[in-house]
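Colleague: This structure is in structure tokens; I'll ask about it shortly.
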Amino acid sequence: MPGLIKAIEPFRFYTRLHLSELTGLRASTLGQLLSVIKEVPGSCIYHHTHRFLQQHQYLSPEPPNDFAYWVSKVLGEDELGERLASIDTIQFSTVRSLRDKIIATIDNYLKNNMSAKLKFAGEGEEFHFIKSVSFVLQTNYIAYDLKGFADIVKNITIDSIYFHIFESRLRLEKKTNDFSNWIETSIGDKELSDKISRLDPYIHTLEDLRKTIIRIVEKRICV
Amino acid sequence: MADIIEEYIPIVGQPIIDDLKLLAEKLKGKVIQHINSTAVGGGVAEILSRMVPLLKELGVDTRWDVIKGGEQFFEVTKKFHNVLHGRPEGITQRDFDIFLETSQRNIEALDIYGDIVFVHDPQPIALIKKRSGNKWIWRCHVDVSNPNQRVWKFLENFITDYDSAVFSAPNFSQRLPIRQFLISPSIDPLSDKNRELPQETIDSVLRKYNIKKDKPVITQISRFDRLKDPIGVIETYKQVKKYFDCQLILAGGSAADDPESTQVLEEARVKSGHDKDIHILLLPQDNIAVNALQRASDVIVQKSLKEGFGLTVAEALWKSKPVVASNVGGIPLQIKHKYSGLLCHSIDGASFAIKQLLANPEYAKKLGQNGREHIRNNFLISRHIKEYMLLFLSLYHREDVVYL
């Protein structure tokens with residue numbers, strides 16, 4: 001049975017817990033936002049494009065990144081907000097390239113919408129730059145085959161799923177997510193690995209992502 | 001005492017508790033010393049009274065000391081508190097002298113033994129002068145988004161000697177040469193103030209305070225403090241009352257470090273006149289009563305002018321109550337407008353929002369339900385303990401990605 005094929009290397013689950021570090025940097029206009037985005041550490045860009053994934057695990061009205069939210073809700077630039085919200089984050093393999101895309105999006109918009117430069121946030125509504133400090137810990141969960149893997153994914157925290165799907169791929173600059181990598185290299189199931197790596201995790205809530213991964217893996221086990 | 005932590009599993013899930021245990025192991029051997037200015041009353045004492053035993057149970061050696069103040073000192077620190085919140089108030093050199101004199105006595109009297117010393121709010125801030133090779137954190141629970149510069153600069157002289165500072169909302173952060181972290185406070189779902197209550201308990205509290213549930217109940221729970229705007233709440237209620245026959249509960253305790261509360265309570269009583277539907281209740285440390293009053297309410301209000309965080313909002317949302325609250329301090333972190341409550345900026349805005357909720361109970365219910373889930377995910381004590389342990393660990397690691 002595919003579910004019982006012994007992995008060459010077991011999968012050790014890690015978890016990632018994070019602290020938000022305040023930078024004291026703020027922006028009141030699009031111009032200021034752009035110039036600070038160019039300068040802040042990658043951990044800031046990462047924070048403002050990924051925070052929502054862990055804070056809102058159910059349907060919420062917030063768009064998927066803080067820049068988009070602020071530009072729409074505070075500056076009233078809905079079109080730019082939509083463009084920022086719809087940046088296809090999964091296409092970027094480094095925070096650096098994601099930052100470049102955000103910069104280009106704002107830059108282009110400002111070139112064609114001169115009046116947007118005049119908008120400014122009122123007192124108390126400025127954009128505050130925060131960076132994400134990650135703490136990576138080994139958990140006690142180890143999978144030796146696909147069945148064990150699925151059972152653990154059912155019970156592990158969403159922080160652990162988050163780490164292996166989002167953080168390791170983008171922030172730690174591995175080419176794919178950890179689950180796909182293990183399934184391909186240690187279980188030898190390229191097809192299943194591809195199925196998981198083709199998921200766009202940014203359009204799922206973390207709980208939804210957990211269920212989807214379990215469903216795909218269990219379907220494979222039952223073949 | 002054993003196994004209190006296990007009681008949180010049905011609420012937050014086993015894996016979250018497992019993570020807390022993993023983190024606690026990394027802090028073995030470290031002594032954490034919390035220091036604040038009051039053992040009872042106010043949000044800081046309330047959080048510490050729940051957090052210290054839980055951290056101990058997790059195996060983190062955590063202790064809690066309180067500085068000695070006195071009437072004059074607390075009058076000065078209350079002034080500091082007010083002007084840090086942006087309220088105009090005269091600060092004199094004498095005030096700074098009183099602050100420094102009392103601080104010096106505490107520096108001499110208080111035993112500092114922690115590997116990590118965790119100082120809460122401005123009152124004990126000068127203890128940093130006793131620093132000797134250990135790690136120090138200053139935790140600011142105050143809204144310092146627009147502080148009086150004279151007092152802030154005075155405090156800054158101390159703050160910059162700490163290793164890290166902690167604020168409750170992003171707009172409280174200042175340009176500082178030390179690391180600053182964003183950690184929101186939390187509520188404890190198992191405390192007397194937040195646990196589920198049997199209907200008989202709720203009814204008996206209502207009977208005790210002579211409140212009949214014959215008309216909708218609007219409630220604000222908070223200390224009698226001008227920054228909580230009790231007068232504004234009464235004016236809001238009067239506007240709503242023209243259209244809905246309702247009643248108002250203004251209830252709260254007083255804190256040992258807040259000398260102003262008696263006066264504010266009296267002002268609220270005068271403002272309420274002879275309206276029998278306004279219930280002004282002084283509840284010294286009666287958490288079950290607060291819990292019962294919140295649960296008996298139809299709408300909960302937090303019309304603060306400034307707010308360090310506004311934990312009463314989290315308490316109300318945890319009870320799935322529709323909340324109308326000012327868009328200040330940490331409140332917008334808890335309420336997404338029209339999703340998990342309604343935000344307002346004025347008395348008119350607050351009364352309009354309350355009327356909307358009273359007229360649309362299904363909408364009110366949905367806001368309350370969304371609010372409860374938002375609190376479960378972000379503002380329970382389990383998240384707070386996790387972040388404090390990460391904060392302690394951050395003192396020994398400066399990287400953005402830390403492998404423990």
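Here, A, B, ... name the chains of the structure tokens in the order displayed, residue numbers run from 1 inside each chain, and ligands are numbered from 1 in the same displayed order.
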With 6 Å as the limit and counting only C-alpha atoms, what residues in chain B lie close to chain A? Please list them as a list in words.
Modeller: Pro15, Ser173, Gln174, Arg175, Gln180, Phe181, Leu182, Asp400, Val401, Val402, Tyr403 and Leu404 of chain B
Colleague: Contacts of B:Phe379 at 12 Å or less, counting only C-alpha atoms, minus same-chain residues fewer than 5 places along, as a PyMOL selection string?
Modeller: (chain A and resi 55) or (chain B and resi 12+168+183-189+309-315+317-318+330-331+333-335+371-374+384-387)
Colleague: Write the residues of the selection above to a file with N, CA and C atoms, as a compact mmCIF listing (two decimals), in the first residue's frame.
Modeller:
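result-v5.txt written:
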```txt
# COMPACT_ATOMS: atom_id res chain seq x y z
N GLN A 55 -3.33 35.32 11.51
CA GLN A 55 -4.26 36.00 12.42
C GLN A 55 -5.72 35.76 12.07
N VAL B 12 -8.37 25.86 23.37
CA VAL B 12 -7.39 26.24 22.33
C VAL B 12 -6.79 25.04 21.59
N SER B 168 1.46 47.72 23.16
CA SER B 168 0.25 46.93 22.86
C SER B 168 -0.32 47.18 21.48
N ILE B 183 3.13 43.27 21.55
CA ILE B 183 2.45 42.14 22.19
C ILE B 183 1.14 42.67 22.78
N SER B 184 0.06 42.15 22.30
CA SER B 184 -1.23 42.59 22.83
C SER B 184 -1.48 41.87 24.14
N PRO B 185 -2.21 42.51 25.05
CA PRO B 185 -2.60 41.78 26.25
C PRO B 185 -3.66 40.73 25.91
N SER B 186 -4.24 40.14 26.92
CA SER B 186 -5.13 39.00 26.64
C SER B 186 -6.15 38.87 27.75
N ILE B 187 -7.12 38.02 27.51
CA ILE B 187 -8.04 37.66 28.58
C ILE B 187 -7.89 36.17 28.88
N ASP B 188 -8.29 35.81 30.07
CA ASP B 188 -8.21 34.41 30.46
C ASP B 188 -9.62 33.81 30.42
N PRO B 189 -9.85 32.89 29.51
CA PRO B 189 -11.22 32.35 29.37
C PRO B 189 -11.69 31.55 30.58
N PHE B 309 -5.30 49.34 25.90
CA PHE B 309 -5.69 48.26 25.00
C PHE B 309 -7.20 48.08 24.96
N GLY B 310 -7.81 48.07 26.15
CA GLY B 310 -9.27 47.92 26.20
C GLY B 310 -9.69 46.47 26.31
N LEU B 311 -9.18 45.80 27.36
CA LEU B 311 -9.49 44.37 27.50
C LEU B 311 -10.98 44.10 27.72
N THR B 312 -11.72 45.10 28.19
CA THR B 312 -13.16 44.88 28.38
C THR B 312 -13.83 44.57 27.04
N VAL B 313 -13.25 45.06 25.96
CA VAL B 313 -13.79 44.74 24.63
C VAL B 313 -13.59 43.25 24.36
N ALA B 314 -12.39 42.76 24.62
CA ALA B 314 -12.13 41.32 24.41
C ALA B 314 -13.04 40.47 25.30
N GLU B 315 -13.24 40.92 26.54
CA GLU B 315 -14.12 40.17 27.45
C GLU B 315 -15.54 40.08 26.89
N LEU B 317 -16.50 40.49 23.70
CA LEU B 317 -16.54 39.71 22.46
C LEU B 317 -16.45 38.22 22.76
N TRP B 318 -15.63 37.88 23.76
CA TRP B 318 -15.51 36.46 24.11
C TRP B 318 -16.87 35.89 24.54
N GLY B 330 -5.86 50.05 21.44
CA GLY B 330 -5.84 48.69 20.91
C GLY B 330 -7.21 48.20 20.47
N ILE B 331 -8.23 49.05 20.56
CA ILE B 331 -9.59 48.58 20.23
C ILE B 331 -9.73 48.16 18.76
N LEU B 333 -7.68 46.76 16.97
CA LEU B 333 -7.09 45.42 16.77
C LEU B 333 -8.12 44.34 17.10
N GLN B 334 -9.05 44.68 17.99
CA GLN B 334 -10.03 43.69 18.43
C GLN B 334 -11.31 43.73 17.61
N ILE B 335 -11.64 44.92 17.11
CA ILE B 335 -12.88 45.06 16.35
C ILE B 335 -12.57 45.49 14.93
N GLY B 371 -16.83 38.11 16.63
CA GLY B 371 -15.94 38.67 17.65
C GLY B 371 -15.35 37.57 18.52
N ARG B 372 -16.17 36.63 18.92
CA ARG B 372 -15.68 35.54 19.78
C ARG B 372 -14.56 34.76 19.09
N GLU B 373 -14.74 34.46 17.80
CA GLU B 373 -13.71 33.69 17.09
C GLU B 373 -12.42 34.51 16.95
N HIS B 374 -12.57 35.80 16.73
CA HIS B 374 -11.38 36.66 16.62
C HIS B 374 -10.60 36.67 17.93
N HIS B 384 -0.71 34.97 24.68
CA HIS B 384 0.06 35.96 25.42
C HIS B 384 1.27 35.29 26.09
N ILE B 385 1.03 34.15 26.71
CA ILE B 385 2.12 33.42 27.38
C ILE B 385 3.17 33.00 26.35
N LYS B 386 2.69 32.52 25.20
CA LYS B 386 3.62 32.12 24.13
C LYS B 386 4.51 33.31 23.75
N GLU B 387 3.89 34.47 23.55
CA GLU B 387 4.68 35.63 23.09
C GLU B 387 5.62 36.13 24.19
```
Colleague: List as a compact mmCIF listing (two decimals) with N, CA and C atoms, in the first residue's frame the protein and nucleic acid residues near A:Tyr202, meaning an atom at most 9 Å away when only C-alpha atoms are counted, but skip any in the same chain fewer than 6 places from it.
Modeller:
```
# COMPACT_ATOMS: atom_id res chain seq x y z
N HIS A 50 2.25 38.38 5.11
CA HIS A 50 1.91 37.04 5.62
C HIS A 50 1.17 37.04 6.94
N LEU A 53 -2.33 35.53 7.32
CA LEU A 53 -2.52 34.07 7.22
C LEU A 53 -2.67 33.44 8.59
N PRO A 64 -5.43 40.31 1.58
CA PRO A 64 -4.33 39.47 2.06
C PRO A 64 -3.00 40.17 2.29
N ASP A 88 0.46 37.85 -7.04
CA ASP A 88 0.42 36.39 -6.92
C ASP A 88 1.66 35.92 -6.15
N THR A 89 1.56 35.97 -4.82
CA THR A 89 2.73 35.74 -3.97
C THR A 89 3.42 34.41 -4.24
N ILE A 90 2.64 33.40 -4.59
CA ILE A 90 3.20 32.06 -4.79
C ILE A 90 4.21 32.04 -5.95
N PHE A 166 4.77 27.82 3.99
CA PHE A 166 5.06 29.20 3.60
C PHE A 166 6.49 29.60 3.91
```
Colleague: Might you pull out every residue within 8 Å of stretch 211-220 of chain A, with only C-alpha atoms counted and same-chain residues fewer than 2 positions away left off, and present them as a PyMOL selection string?
Modeller: chain A and resi 2-3+146-147+150+153-154+192+195-196+207-209+222-223
Colleague: Using N, CA and C atoms, can you write the selected residues to a file as a PDB file, in the first residue's frame?
Modeller:
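Output contents, as saved in selection34.pdb:
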```pdb
ATOM      1  N   PRO A   2       0.510   2.273  -0.824  1.00  0.00           N
ATOM      2  CA  PRO A   2       1.359   3.480  -0.882  1.00  0.00           C
ATOM      3  C   PRO A   2       1.536   4.148   0.474  1.00  0.00           C
ATOM      4  N   GLY A   3       0.494   4.037   1.310  1.00  0.00           N
ATOM      5  CA  GLY A   3       0.554   4.715   2.605  1.00  0.00           C
ATOM      6  C   GLY A   3       1.605   4.145   3.534  1.00  0.00           C
ATOM      7  N   LEU A 146       3.528   7.687   4.651  1.00  0.00           N
ATOM      8  CA  LEU A 146       2.477   8.652   4.305  1.00  0.00           C
ATOM      9  C   LEU A 146       1.298   8.601   5.273  1.00  0.00           C
ATOM     10  N   LYS A 147       0.981   7.383   5.734  1.00  0.00           N
ATOM     11  CA  LYS A 147      -0.159   7.284   6.647  1.00  0.00           C
ATOM     12  C   LYS A 147       0.132   8.044   7.953  1.00  0.00           C
ATOM     13  N   ALA A 150      -0.078  11.766   7.313  1.00  0.00           N
ATOM     14  CA  ALA A 150      -1.454  12.308   7.288  1.00  0.00           C
ATOM     15  C   ALA A 150      -2.004  12.413   8.711  1.00  0.00           C
ATOM     16  N   VAL A 153      -0.458  15.448  10.343  1.00  0.00           N
ATOM     17  CA  VAL A 153      -0.968  16.716   9.793  1.00  0.00           C
ATOM     18  C   VAL A 153      -2.353  17.034  10.375  1.00  0.00           C
ATOM     19  N   LYS A 154      -3.105  15.988  10.700  1.00  0.00           N
ATOM     20  CA  LYS A 154      -4.432  16.218  11.305  1.00  0.00           C
ATOM     21  C   LYS A 154      -4.322  16.888  12.670  1.00  0.00           C
ATOM     22  N   LEU A 192       2.315  12.805  -6.303  1.00  0.00           N
ATOM     23  CA  LEU A 192       1.687  13.363  -5.095  1.00  0.00           C
ATOM     24  C   LEU A 192       2.406  14.660  -4.686  1.00  0.00           C
ATOM     25  N   LYS A 195       1.230  17.450  -6.802  1.00  0.00           N
ATOM     26  CA  LYS A 195      -0.143  17.867  -6.466  1.00  0.00           C
ATOM     27  C   LYS A 195      -0.127  18.870  -5.316  1.00  0.00           C
ATOM     28  N   ILE A 196       0.698  18.591  -4.330  1.00  0.00           N
ATOM     29  CA  ILE A 196       0.743  19.498  -3.166  1.00  0.00           C
ATOM     30  C   ILE A 196       1.458  20.799  -3.538  1.00  0.00           C
ATOM     31  N   GLU A 207      -6.580  26.326   8.079  1.00  0.00           N
ATOM     32  CA  GLU A 207      -7.351  25.120   8.395  1.00  0.00           C
ATOM     33  C   GLU A 207      -7.815  24.431   7.115  1.00  0.00           C
ATOM     34  N   ASP A 208      -8.187  25.248   6.143  1.00  0.00           N
ATOM     35  CA  ASP A 208      -8.627  24.729   4.862  1.00  0.00           C
ATOM     36  C   ASP A 208      -7.456  24.024   4.173  1.00  0.00           C
ATOM     37  N   LEU A 209      -6.286  24.625   4.287  1.00  0.00           N
ATOM     38  CA  LEU A 209      -5.080  24.058   3.688  1.00  0.00           C
ATOM     39  C   LEU A 209      -4.763  22.698   4.322  1.00  0.00           C
ATOM     40  N   CYS A 222      -5.219   5.522  -0.477  1.00  0.00           N
ATOM     41  CA  CYS A 222      -6.287   4.557  -0.746  1.00  0.00           C
ATOM     42  C   CYS A 222      -6.238   3.980  -2.160  1.00  0.00           C
ATOM     43  N   VAL A 223      -5.334   4.505  -3.006  1.00  0.00           N
ATOM     44  CA  VAL A 223      -5.299   4.016  -4.408  1.00  0.00           C
ATOM     45  C   VAL A 223      -4.959   2.536  -4.445  1.00  0.00           C
TER      46      VAL A 223
END
```
Colleague: Hey, which of A:Gly148, A:Pro10, A:Pro201, A:Gly188 ends up closest to A:Glu167? Count only C-alpha atoms.
Modeller: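 Closest to A:Glu167 of all the choices is A:Pro201.
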